[in-house]
Amino acid sequence: MYSQNEKILKFNAEQLEISRKKLWDKYLVDQFFDFINVKKGQKILDVGCGTGWMIRMIASHIGEGDFYGIDIDRNLLNVAGEISKENNLKITYDVQDAYNLEFSDDQFDLTVCQFVLGNTTNPQKVLREMIRVTKPGGLVVCIDAGLKERQYNWPNVPKEVYDIEIKTLKAINQAAEEKGYNKQLGMKLPELFIKEGLKNVDVFGKTNIHLDCAVNKDEIEKTIESREIMMERNKRRFQGLKERGVLTDEEYNLYFDYWEKTLESFKKNPGLLLKSPNMTLSVMVIARGQK
Ligand SMILES: C[S@@+](CC[C@H](N)C(=O)[O-])C[C@H]1O[C@@H](n2cnc3c(N)ncnc32)[C@H](O)[C@@H]1O
């Protein structure tokens with residue numbers, strides 16, 4: 001099983017879906033498929049697939065193939081199964097531990113993982129497993145964060161709310177690092193790939209603008225929805241920070257009062273979001289290597 005002292009982080013299905021929907025715009029999808037060059041009929045595995053965004057995207061793109069997604073979290077896999085069924089995608093999902101995949105060696109033409117390695121404390125071991133199950137000549141593709149901290153440009157948020165956001169972000173990242181997670185593992189991927197003997201290693205990065213920047217009218221609904229889901233998650237996370245003395249009750253109330261009122265006003269008047277954009281930037285790194 002996974003490292004004994006590793007607490008498996010829990011992810012929210014809705015949050016995963018909405019953030020992937022925002023991330024994978026048409027431009028990135030095209031760039032990605034050029035980069036990985038998958039073909040009809042191939043056997044493909046998504047490790048730590050969560051709600052299955054990546055394997056569904058690949059299955060929809062190539063149509064015919066043999067598609068698998070594994071994750072440690074059964075609830076996420078249930079959601080993955082439901083969405084795949086609704087979309088007539090035939091994908092086999094299974095509860096498995098990425099540290100000990102239950103596949104024999106040399107099975108897959110492509111083994112992929114998205115934002116998984118940075119959420120494990122021994123990414124090298126997971127990568128080794130991915131390589132083991134990949135066919136000689138097959139491709140291993142990993143996606144991870146390229147920036148330790150998201151970069152905020154929030155000119156339309158009051159300074160005291162912005163300061164709380166930054167303070168909590170730093171506290172959460174620091175706690176993760178202390179537990180052994182690398183919040184910018186993307187920057188290490190080429191080195192890890194080469195160390196594990198992968199060939200033809202290549203990498204590209206993409207800047208993502210997300211959350212509160214509605215860059216056009218079509219984005220407004222997604223942006224509000226994403227922020228609402230984020231608020232629910234933050235309520236749980238910030239509660240923990242209050243208990244650890246990082247946040248005071250006043251700061252907690254100020255933060256959520258502001259966002260609740262702001263989201264209400266955005267819902268009533270979506271045009272406000274176009275007039276007062278706040279950008280949050282992150283960088284994703286996509287690396288590939290051949291076995
Ligand atoms: C940030 S989520 C990414 C989910 C999905 N790849 C995506 O991009 O939407 C990280 C995923 O890794 C899974 N995970 C973490 N440790 C794992 C392990 N040891 N074995 C299998 N899955 C694991 C989590 O349950 C979660 O679904």
# chains A, B, ... in the order shown; residues from 1 in each chain; ligands from 1

call {"tool": "residues_around", "arguments": {"residues": "Ile131 in chain A", "least_positions_apart": "3", "cutoff": "9 Å", "atoms": "only C-alpha atoms", "output": "PDB file with all heavy atoms, in the first residue's frame"}}
result
ATOM      1  N   ASP A 105       3.655  -6.077 -16.064  1.00  0.00           N
ATOM      2  CA  ASP A 105       4.599  -5.189 -16.761  1.00  0.00           C
ATOM      3  C   ASP A 105       4.198  -4.994 -18.231  1.00  0.00           C
ATOM      4  O   ASP A 105       3.538  -5.850 -18.823  1.00  0.00           O
ATOM      5  CB  ASP A 105       6.013  -5.805 -16.755  1.00  0.00           C
ATOM      6  CG  ASP A 105       6.554  -6.000 -15.343  1.00  0.00           C
ATOM      7  OD1 ASP A 105       5.883  -5.589 -14.385  1.00  0.00           O
ATOM      8  OD2 ASP A 105       7.652  -6.576 -15.215  1.00  0.00           O
ATOM      9  N   ASP A 106       4.646  -3.898 -18.807  1.00  0.00           N
ATOM     10  CA  ASP A 106       4.626  -3.680 -20.267  1.00  0.00           C
ATOM     11  C   ASP A 106       3.232  -3.810 -20.899  1.00  0.00           C
ATOM     12  O   ASP A 106       3.059  -4.513 -21.902  1.00  0.00           O
ATOM     13  CB  ASP A 106       5.569  -4.696 -20.964  1.00  0.00           C
ATOM     14  CG  ASP A 106       6.972  -4.672 -20.386  1.00  0.00           C
ATOM     15  OD1 ASP A 106       7.351  -3.644 -19.791  1.00  0.00           O
ATOM     16  OD2 ASP A 106       7.687  -5.680 -20.527  1.00  0.00           O
ATOM     17  N   THR A 111       0.756   5.819 -20.488  1.00  0.00           N
ATOM     18  CA  THR A 111       0.379   5.882 -19.072  1.00  0.00           C
ATOM     19  C   THR A 111       0.499   7.344 -18.665  1.00  0.00           C
ATOM     20  O   THR A 111       1.543   7.968 -18.852  1.00  0.00           O
ATOM     21  CB  THR A 111       1.317   5.003 -18.215  1.00  0.00           C
ATOM     22  OG1 THR A 111       1.369   3.701 -18.806  1.00  0.00           O
ATOM     23  CG2 THR A 111       0.812   4.887 -16.795  1.00  0.00           C
ATOM     24  N   VAL A 126       5.926   6.322  -7.581  1.00  0.00           N
ATOM     25  CA  VAL A 126       4.727   6.239  -8.433  1.00  0.00           C
ATOM     26  C   VAL A 126       5.151   6.241  -9.905  1.00  0.00           C
ATOM     27  O   VAL A 126       4.670   5.438 -10.714  1.00  0.00           O
ATOM     28  CB  VAL A 126       3.753   7.407  -8.138  1.00  0.00           C
ATOM     29  CG1 VAL A 126       2.580   7.394  -9.110  1.00  0.00           C
ATOM     30  CG2 VAL A 126       3.246   7.341  -6.698  1.00  0.00           C
ATOM     31  N   LEU A 127       6.085   7.128 -10.236  1.00  0.00           N
ATOM     32  CA  LEU A 127       6.564   7.198 -11.622  1.00  0.00           C
ATOM     33  C   LEU A 127       7.154   5.851 -12.056  1.00  0.00           C
ATOM     34  O   LEU A 127       6.910   5.367 -13.166  1.00  0.00           O
ATOM     35  CB  LEU A 127       7.610   8.324 -11.751  1.00  0.00           C
ATOM     36  CG  LEU A 127       8.240   8.490 -13.129  1.00  0.00           C
ATOM     37  CD1 LEU A 127       7.197   8.834 -14.195  1.00  0.00           C
ATOM     38  CD2 LEU A 127       9.321   9.578 -13.111  1.00  0.00           C
ATOM     39  N   ARG A 128       7.897   5.239 -11.167  1.00  0.00           N
ATOM     40  CA  ARG A 128       8.513   3.943 -11.470  1.00  0.00           C
ATOM     41  C   ARG A 128       7.434   2.897 -11.799  1.00  0.00           C
ATOM     42  O   ARG A 128       7.587   2.092 -12.710  1.00  0.00           O
ATOM     43  CB  ARG A 128       9.308   3.488 -10.240  1.00  0.00           C
ATOM     44  CG  ARG A 128      10.656   2.937 -10.570  1.00  0.00           C
ATOM     45  CD  ARG A 128      11.502   2.778  -9.329  1.00  0.00           C
ATOM     46  NE  ARG A 128      12.359   3.924  -9.104  1.00  0.00           N
ATOM     47  CZ  ARG A 128      12.959   4.202  -7.945  1.00  0.00           C
ATOM     48  NH1 ARG A 128      12.776   3.432  -6.894  1.00  0.00           N
ATOM     49  NH2 ARG A 128      13.745   5.253  -7.837  1.00  0.00           N
ATOM     50  N   THR A 134       4.129   0.386 -18.523  1.00  0.00           N
ATOM     51  CA  THR A 134       4.119   0.909 -19.893  1.00  0.00           C
ATOM     52  C   THR A 134       4.932  -0.017 -20.808  1.00  0.00           C
ATOM     53  O   THR A 134       5.962  -0.554 -20.400  1.00  0.00           O
ATOM     54  CB  THR A 134       4.729   2.335 -19.911  1.00  0.00           C
ATOM     55  OG1 THR A 134       4.000   3.139 -18.988  1.00  0.00           O
ATOM     56  CG2 THR A 134       4.664   2.975 -21.288  1.00  0.00           C
ATOM     57  N   LYS A 135       4.441  -0.184 -22.044  1.00  0.00           N
ATOM     58  CA  LYS A 135       5.158  -1.042 -23.006  1.00  0.00           C
ATOM     59  C   LYS A 135       6.503  -0.421 -23.372  1.00  0.00           C
ATOM     60  O   LYS A 135       6.585   0.817 -23.452  1.00  0.00           O
ATOM     61  CB  LYS A 135       4.365  -1.134 -24.318  1.00  0.00           C
ATOM     62  CG  LYS A 135       3.097  -1.934 -24.245  1.00  0.00           C
ATOM     63  CD  LYS A 135       2.399  -1.881 -25.613  1.00  0.00           C
ATOM     64  CE  LYS A 135       1.058  -2.564 -25.557  1.00  0.00           C
ATOM     65  NZ  LYS A 135       0.248  -2.321 -26.752  1.00  0.00           N
ATOM     66  N   PRO A 136       7.511  -1.212 -23.685  1.00  0.00           N
ATOM     67  CA  PRO A 136       8.747  -0.627 -24.221  1.00  0.00           C
ATOM     68  C   PRO A 136       8.388   0.188 -25.466  1.00  0.00           C
ATOM     69  O   PRO A 136       7.610  -0.273 -26.309  1.00  0.00           O
ATOM     70  CB  PRO A 136       9.590  -1.858 -24.577  1.00  0.00           C
ATOM     71  CG  PRO A 136       9.042  -2.952 -23.708  1.00  0.00           C
ATOM     72  CD  PRO A 136       7.576  -2.674 -23.543  1.00  0.00           C
ATOM     73  N   GLY A 138       6.526   2.725 -25.364  1.00  0.00           N
ATOM     74  CA  GLY A 138       5.310   3.479 -25.014  1.00  0.00           C
ATOM     75  C   GLY A 138       5.657   4.789 -24.313  1.00  0.00           C
ATOM     76  O   GLY A 138       6.819   5.050 -23.983  1.00  0.00           O
ATOM     77  N   LEU A 139       4.620   5.583 -24.081  1.00  0.00           N
ATOM     78  CA  LEU A 139       4.844   6.937 -23.561  1.00  0.00           C
ATOM     79  C   LEU A 139       4.330   7.075 -22.123  1.00  0.00           C
ATOM     80  O   LEU A 139       3.268   6.552 -21.787  1.00  0.00           O
ATOM     81  CB  LEU A 139       4.068   7.907 -24.455  1.00  0.00           C
ATOM     82  CG  LEU A 139       4.693   9.262 -24.754  1.00  0.00           C
ATOM     83  CD1 LEU A 139       6.062   9.103 -25.389  1.00  0.00           C
ATOM     84  CD2 LEU A 139       3.770  10.062 -25.659  1.00  0.00           C
ATOM     85  N   VAL A 140       5.107   7.804 -21.317  1.00  0.00           N
ATOM     86  CA  VAL A 140       4.653   8.175 -19.973  1.00  0.00           C
ATOM     87  C   VAL A 140       4.479   9.695 -19.984  1.00  0.00           C
ATOM     88  O   VAL A 140       5.379  10.421 -20.410  1.00  0.00           O
ATOM     89  CB  VAL A 140       5.696   7.768 -18.905  1.00  0.00           C
ATOM     90  CG1 VAL A 140       5.294   8.283 -17.531  1.00  0.00           C
ATOM     91  CG2 VAL A 140       5.858   6.250 -18.877  1.00  0.00           C
ATOM     92  N   GLU A 196      14.837   8.112 -14.190  1.00  0.00           N
ATOM     93  CA  GLU A 196      14.191   6.793 -14.274  1.00  0.00           C
ATOM     94  C   GLU A 196      14.401   6.133 -15.637  1.00  0.00           C
ATOM     95  O   GLU A 196      13.770   5.128 -15.950  1.00  0.00           O
ATOM     96  CB  GLU A 196      12.691   6.910 -13.970  1.00  0.00           C
ATOM     97  CG  GLU A 196      12.389   7.251 -12.520  1.00  0.00           C
ATOM     98  CD  GLU A 196      13.040   6.289 -11.517  1.00  0.00           C
ATOM     99  OE1 GLU A 196      13.064   5.081 -11.778  1.00  0.00           O
ATOM    100  OE2 GLU A 196      13.550   6.773 -10.492  1.00  0.00           O
ATOM    101  N   LEU A 198      13.799   7.234 -18.776  1.00  0.00           N
ATOM    102  CA  LEU A 198      12.934   7.502 -19.936  1.00  0.00           C
ATOM    103  C   LEU A 198      13.744   8.217 -21.016  1.00  0.00           C
ATOM    104  O   LEU A 198      14.674   8.968 -20.716  1.00  0.00           O
ATOM    105  CB  LEU A 198      11.725   8.345 -19.511  1.00  0.00           C
ATOM    106  CG  LEU A 198      10.696   7.608 -18.648  1.00  0.00           C
ATOM    107  CD1 LEU A 198       9.642   8.567 -18.113  1.00  0.00           C
ATOM    108  CD2 LEU A 198      10.019   6.479 -19.435  1.00  0.00           C
ATOM    109  N   GLN A 290       9.711   8.478 -23.178  1.00  0.00           N
ATOM    110  CA  GLN A 290       9.436   7.192 -23.818  1.00  0.00           C
ATOM    111  C   GLN A 290      10.182   6.081 -23.090  1.00  0.00           C
ATOM    112  O   GLN A 290      11.339   6.260 -22.719  1.00  0.00           O
ATOM    113  CB  GLN A 290       9.916   7.271 -25.265  1.00  0.00           C
ATOM    114  CG  GLN A 290       9.323   6.239 -26.150  1.00  0.00           C
ATOM    115  CD  GLN A 290       9.772   6.451 -27.583  1.00  0.00           C
ATOM    116  OE1 GLN A 290      10.774   7.121 -27.837  1.00  0.00           O
ATOM    117  NE2 GLN A 290       9.049   5.862 -28.506  1.00  0.00           N
ATOM    118  N   LYS A 291       9.498   4.970 -22.896  1.00  0.00           N
ATOM    119  CA  LYS A 291      10.151   3.853 -22.195  1.00  0.00           C
ATOM    120  C   LYS A 291      11.102   3.125 -23.139  1.00  0.00           C
ATOM    121  O   LYS A 291      10.745   2.869 -24.275  1.00  0.00           O
ATOM    122  CB  LYS A 291       9.094   2.877 -21.684  1.00  0.00           C
ATOM    123  CG  LYS A 291       9.682   1.678 -20.951  1.00  0.00           C
ATOM    124  CD  LYS A 291       8.630   0.943 -20.170  1.00  0.00           C
ATOM    125  CE  LYS A 291       9.149  -0.377 -19.650  1.00  0.00           C
ATOM    126  NZ  LYS A 291       8.125  -1.164 -18.990  1.00  0.00           N
TER     127      LYS A 291
END

call {"tool": "select_by_dssp", "arguments": {"residues": "range 82-155 of chain A", "states": "strand (DSSP E or B)", "output": "PyMOL selection string"}}
result
chain A and resi 91-95+97+100+108-114+134-145+151-153

call {"tool": "residues_near_ligand", "arguments": {"ligand": "ligand 1", "cutoff": "8 Å", "atoms": "only C-alpha atoms and all ligand atoms", "output": "ChimeraX atom specification"}}
result
/A:1-2,8-11,16-17,20,46-54,70-73,76,95-99,113-117,119-120,126

call {"tool": "residues_around", "arguments": {"residues": "range 261-273 of chain A", "least_positions_apart": "3", "cutoff": "7 Å", "atoms": "only C-alpha atoms", "output": "number ranges by chain"}}
result
A: 214, 220, 224, 257-258, 276-277

call {"tool": "closest_residue", "arguments": {"among": "A:Met187, A:Glu165, A:Leu45, A:Lys90", "to": "Glu129 in chain A", "atoms": "only C-alpha atoms"}}
result
A:Leu45

call {"tool": "residues_around", "arguments": {"residues": "Asp144 in chain A", "least_positions_apart": "2", "cutoff": "7 Å", "atoms": "only C-alpha atoms", "output": "PyMOL selection string"}}
result
chain A and resi 114-115+118+142+146+185-186+284-286

call {"tool": "residues_around", "arguments": {"residues": "Gln31 in chain A", "least_positions_apart": "5", "cutoff": "12 Å", "atoms": "only C-alpha atoms", "output": "VMD selection string"}}
result
chain A and resid 24 to 26 36 to 37 203 to 206 286

call {"tool": "write_last_selection", "arguments": {"atoms": "N, CA, C and O atoms", "output": "PDB file, in the first residue's frame"}}
result
ATOM      1  N   TRP A  24      -8.844  23.018 -19.460  1.00  0.00           N
ATOM      2  CA  TRP A  24      -8.634  22.393 -20.770  1.00  0.00           C
ATOM      3  C   TRP A  24      -9.423  23.115 -21.858  1.00  0.00           C
ATOM      4  O   TRP A  24     -10.429  22.616 -22.343  1.00  0.00           O
ATOM      5  N   ASP A  25      -8.918  24.284 -22.244  1.00  0.00           N
ATOM      6  CA  ASP A  25      -9.566  24.973 -23.359  1.00  0.00           C
ATOM      7  C   ASP A  25      -9.125  24.305 -24.666  1.00  0.00           C
ATOM      8  O   ASP A  25      -8.230  23.460 -24.682  1.00  0.00           O
ATOM      9  N   LYS A  26      -9.777  24.698 -25.746  1.00  0.00           N
ATOM     10  CA  LYS A  26      -9.543  24.028 -27.025  1.00  0.00           C
ATOM     11  C   LYS A  26      -8.072  24.105 -27.441  1.00  0.00           C
ATOM     12  O   LYS A  26      -7.498  23.151 -27.955  1.00  0.00           O
ATOM     13  N   ILE A  36       1.274  14.320 -27.381  1.00  0.00           N
ATOM     14  CA  ILE A  36       1.310  12.909 -26.947  1.00  0.00           C
ATOM     15  C   ILE A  36       1.071  11.926 -28.100  1.00  0.00           C
ATOM     16  O   ILE A  36       1.357  10.744 -27.972  1.00  0.00           O
ATOM     17  N   ASN A  37       0.513  12.428 -29.194  1.00  0.00           N
ATOM     18  CA  ASN A  37       0.387  11.628 -30.406  1.00  0.00           C
ATOM     19  C   ASN A  37      -0.218  10.234 -30.169  1.00  0.00           C
ATOM     20  O   ASN A  37       0.369   9.220 -30.551  1.00  0.00           O
ATOM     21  N   VAL A 203       9.068  18.610 -22.694  1.00  0.00           N
ATOM     22  CA  VAL A 203       8.218  19.249 -21.703  1.00  0.00           C
ATOM     23  C   VAL A 203       7.648  20.549 -22.265  1.00  0.00           C
ATOM     24  O   VAL A 203       8.281  21.190 -23.101  1.00  0.00           O
ATOM     25  N   PHE A 204       6.420  20.876 -21.874  1.00  0.00           N
ATOM     26  CA  PHE A 204       5.955  22.238 -22.157  1.00  0.00           C
ATOM     27  C   PHE A 204       5.105  22.757 -21.002  1.00  0.00           C
ATOM     28  O   PHE A 204       4.564  21.987 -20.215  1.00  0.00           O
ATOM     29  N   GLY A 205       5.047  24.070 -20.906  1.00  0.00           N
ATOM     30  CA  GLY A 205       4.320  24.683 -19.792  1.00  0.00           C
ATOM     31  C   GLY A 205       3.157  25.493 -20.308  1.00  0.00           C
ATOM     32  O   GLY A 205       3.155  25.947 -21.452  1.00  0.00           O
ATOM     33  N   LYS A 206       2.148  25.638 -19.473  1.00  0.00           N
ATOM     34  CA  LYS A 206       1.014  26.467 -19.877  1.00  0.00           C
ATOM     35  C   LYS A 206       0.583  27.311 -18.684  1.00  0.00           C
ATOM     36  O   LYS A 206       0.436  26.802 -17.578  1.00  0.00           O
ATOM     37  N   ILE A 286       3.671  19.958 -18.510  1.00  0.00           N
ATOM     38  CA  ILE A 286       3.319  18.662 -19.097  1.00  0.00           C
ATOM     39  C   ILE A 286       4.610  18.035 -19.621  1.00  0.00           C
ATOM     40  O   ILE A 286       5.306  18.635 -20.445  1.00  0.00           O
TER      41      ILE A 286
END

call {"tool": "atom_distance", "arguments": {"atom1": "CA of Arg150 in chain A", "atom2": "CA of Leu281 in chain A"}}
result
5.6 Å

call {"tool": "closest_residue", "arguments": {"among": "A:Leu110, A:Met231, A:Leu23, A:Ile83", "to": "Ile58 in chain A", "atoms": "only C-alpha atoms"}}
result
A:Leu110

call {"tool": "select_by_dssp", "arguments": {"residues": "range 48-254 of chain A", "states": "helix (DSSP H, G or I)", "output": "VMD selection string"}}
result
chain A and resid 53 to 62 74 to 86 117 to 119 123 to 133 159 to 178 185 to 195 219 to 243 249 to 254

call {"tool": "residues_around", "arguments": {"residues": "Trp154 in chain A", "least_positions_apart": "3", "cutoff": "9 Å", "atoms": "only C-alpha atoms", "output": "list in words"}}
result
Val157, Pro158, Lys159, Tyr162, Asp212, Pro277, Asn278, Met279 and Thr280 of chain A

call {"tool": "write_last_selection", "arguments": {"atoms": "N, CA and C atoms", "output": "mmCIF file, in the first residue's frame"}}
result
data_model
loop_
_atom_site.group_PDB
_atom_site.id
_atom_site.type_symbol
_atom_site.label_atom_id
_atom_site.label_comp_id
_atom_site.auth_asym_id
_atom_site.auth_seq_id
_atom_site.Cartn_x
_atom_site.Cartn_y
_atom_site.Cartn_z
ATOM 1 N N VAL A 157 -10.276 43.396 -5.316
ATOM 2 C CA VAL A 157 -10.650 42.791 -4.032
ATOM 3 C C VAL A 157 -10.035 43.658 -2.932
ATOM 4 N N PRO A 158 -10.792 43.966 -1.863
ATOM 5 C CA PRO A 158 -10.223 44.805 -0.799
ATOM 6 C C PRO A 158 -8.937 44.195 -0.237
ATOM 7 N N LYS A 159 -8.009 45.063 0.128
ATOM 8 C CA LYS A 159 -6.691 44.587 0.551
ATOM 9 C C LYS A 159 -6.776 43.599 1.723
ATOM 10 N N TYR A 162 -7.694 40.241 0.386
ATOM 11 C CA TYR A 162 -6.535 39.729 -0.362
ATOM 12 C C TYR A 162 -5.463 39.200 0.605
ATOM 13 N N ASP A 212 -11.279 34.117 -10.806
ATOM 14 C CA ASP A 212 -12.135 35.294 -10.844
ATOM 15 C C ASP A 212 -11.949 36.167 -12.062
ATOM 16 N N PRO A 277 -12.358 42.389 -13.167
ATOM 17 C CA PRO A 277 -11.686 41.083 -13.159
ATOM 18 C C PRO A 277 -10.571 40.999 -12.126
ATOM 19 N N ASN A 278 -10.444 39.821 -11.566
ATOM 20 C CA ASN A 278 -9.304 39.522 -10.702
ATOM 21 C C ASN A 278 -8.678 38.265 -11.256
ATOM 22 N N MET A 279 -7.393 38.317 -11.469
ATOM 23 C CA MET A 279 -6.749 37.165 -12.090
ATOM 24 C C MET A 279 -5.941 36.375 -11.089
ATOM 25 N N THR A 280 -6.047 35.070 -11.223
ATOM 26 C CA THR A 280 -5.166 34.198 -10.460
ATOM 27 C C THR A 280 -4.443 33.338 -11.488
#
